[in-house]
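Reading through the structure tokens given below for one structure.
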Amino acid sequence: MSIQAQIINLLKDLQKKDGLAYIFISHDLSVVEHISDEVGVMYLGSMMEYAKTKDIFERPLHPYTEALFSAVPVPDPDYKMNRIILKGDIPSPANPPSGCKFHTRCEKCMAICSKEAPVFREYEPGHFVACHLYDEARR
Ligand code: SF4
């Protein structure tokens with residue numbers, strides 16, 4: 001952990017000093033929150049949600065993002081975790097599900113989800129999501 005912290009701090013120092021931009025790929029959401037200005041959440045090779053870090057951590061829109069973020073530990077013994085456990089296994093990326101790639105594991109899946117792939121669109125300024133829950137007609 002201390003080596004990881006040193007490397008993260010080195011990356012941040014270099015970014016500040018040399019004006020660098022990084023694409024940082026990780027499953028460690030605490031580190032992602034610490035190091036990123038903007039976050040994109042991917043599932044089976046497709047972008048599901050994209051927003052500024054503060055916006056996506058405070059108000060995730062996509063059911064997959066909600067499930068991911070519900071597992072982030074909170075350093076407060078009184079905080080009640082409301083963890084969303086995903087059902088099933090990750091399908092093969094070589095043969096992804098029809099429609100929304102996440103529909104086989106989504107607890108909010110609707111009839112349209114297995115038939116039509118949702119469009120990745122801007123739901124709020126700078127906050128993009130690919131999910132039929134946010135289709136224009138359903139608002
Ligand atoms: S499009 Fe449907 S299946 Fe996909 S994440 Fe949204 S609600 Fe769930």
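Just remember, in the structure tokens the first chain shown is A, the second B, etc., residues are 1-based per chain, and ligands are 1-based in the order shown.
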
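Near segment 41-56 of chain A, within 6 Å and counting only C-alpha atoms, sit Asp37, Glu38, Arg59, Pro60, Pro93, Gly126, His127, Phe128, Val129 and Ala130 of chain A, not including residues fewer than 3 positions from it in the same chain.
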
Can you list every residue of chain A that has an atom at most 10 Å from ligand 1, with its nearest atom pair and the distance in Å to one decimal, using only C-alpha atoms and all ligand atoms, ordered by chain then number, as a tab-separated table?
residue	atom	partner	partner_atom_place_in_ligand_line	distance
A:Met48	CA	ligand 1	5 (S)	8.1
A:Leu61	CA	ligand 1	6 (Fe)	9.2
A:His62	CA	ligand 1	5 (S)	5.9
A:Pro63	CA	ligand 1	5 (S)	5.3
A:Tyr64	CA	ligand 1	5 (S)	6.5
A:Thr65	CA	ligand 1	5 (S)	9.2
A:Gly99	CA	ligand 1	1 (S)	7.9
A:Cys100	CA	ligand 1	4 (Fe)	4.7
A:Lys101	CA	ligand 1	4 (Fe)	6.8
A:Phe102	CA	ligand 1	4 (Fe)	5.1
A:His103	CA	ligand 1	3 (S)	3.5
A:Thr104	CA	ligand 1	3 (S)	7.1
A:Arg105	CA	ligand 1	3 (S)	7.5
A:Cys106	CA	ligand 1	8 (Fe)	4.7
A:Glu107	CA	ligand 1	8 (Fe)	6.7
A:Lys108	CA	ligand 1	7 (S)	4.7
A:Cys109	CA	ligand 1	3 (S)	4.0
A:Met110	CA	ligand 1	2 (Fe)	5.6
A:Ala111	CA	ligand 1	2 (Fe)	8.1
A:Ile112	CA	ligand 1	2 (Fe)	7.2
A:Cys113	CA	ligand 1	2 (Fe)	4.4
A:Ser114	CA	ligand 1	3 (S)	7.1
A:Lys115	CA	ligand 1	2 (Fe)	9.8
A:Glu116	CA	ligand 1	1 (S)	8.3
A:Ala117	CA	ligand 1	1 (S)	7.1
A:Pro118	CA	ligand 1	1 (S)	5.7
A:Val119	CA	ligand 1	1 (S)	9.0
A:Val129	CA	ligand 1	6 (Fe)	9.0
A:Ala130	CA	ligand 1	1 (S)	6.8
A:Cys131	CA	ligand 1	6 (Fe)	3.7
A:His132	CA	ligand 1	1 (S)	4.2
A:Leu133	CA	ligand 1	7 (S)	5.3
A:Tyr134	CA	ligand 1	6 (Fe)	7.9
A:Asp135	CA	ligand 1	1 (S)	9.1

Point-to-point distance from atom CA of Phe69 of chain A to atom CA of Leu86 of chain A, Å rounded to tenths: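 Distance reported for this atom pair: 12.0 Å.
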
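Of all the residues in chain A, the ones DSSP labels as strand (DSSP E or B) from the backbone are Glu38, Val39, Gly40, Val41, Met42, Tyr43, Ser46, Met47, Met48, Glu49, Tyr50, Ala51, Lys52, Phe120, Arg121, Glu122, Tyr123, Glu124, His127, Phe128, Val129 and Ala130 of chain A.
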
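With atom CA of Leu11 of chain A on one side and atom CA of Val32 of chain A on the other, the separation reads 12.6 Å.
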
task: Rank nothing, just name the residue among A:Gln4, A:Pro96, A:Tyr79, A:Ile84 nearest to Ala67 of chain A, using only C-alpha atoms.
output: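 Residue with the minimum atom-to-atom distance to Ala67 of chain A: A:Ile84.
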
field: helix (DSSP H, G or I) residues, from DSSP on the backbone, in segment 2-58 of chain A, as a PyMOL selection string
entry: chain A and resi 2-18+29-35+53-58

field: Separation of atom CA of Pro125 of chain A from atom CA of Gln15 of chain A in Å
entry: 26.0 Å
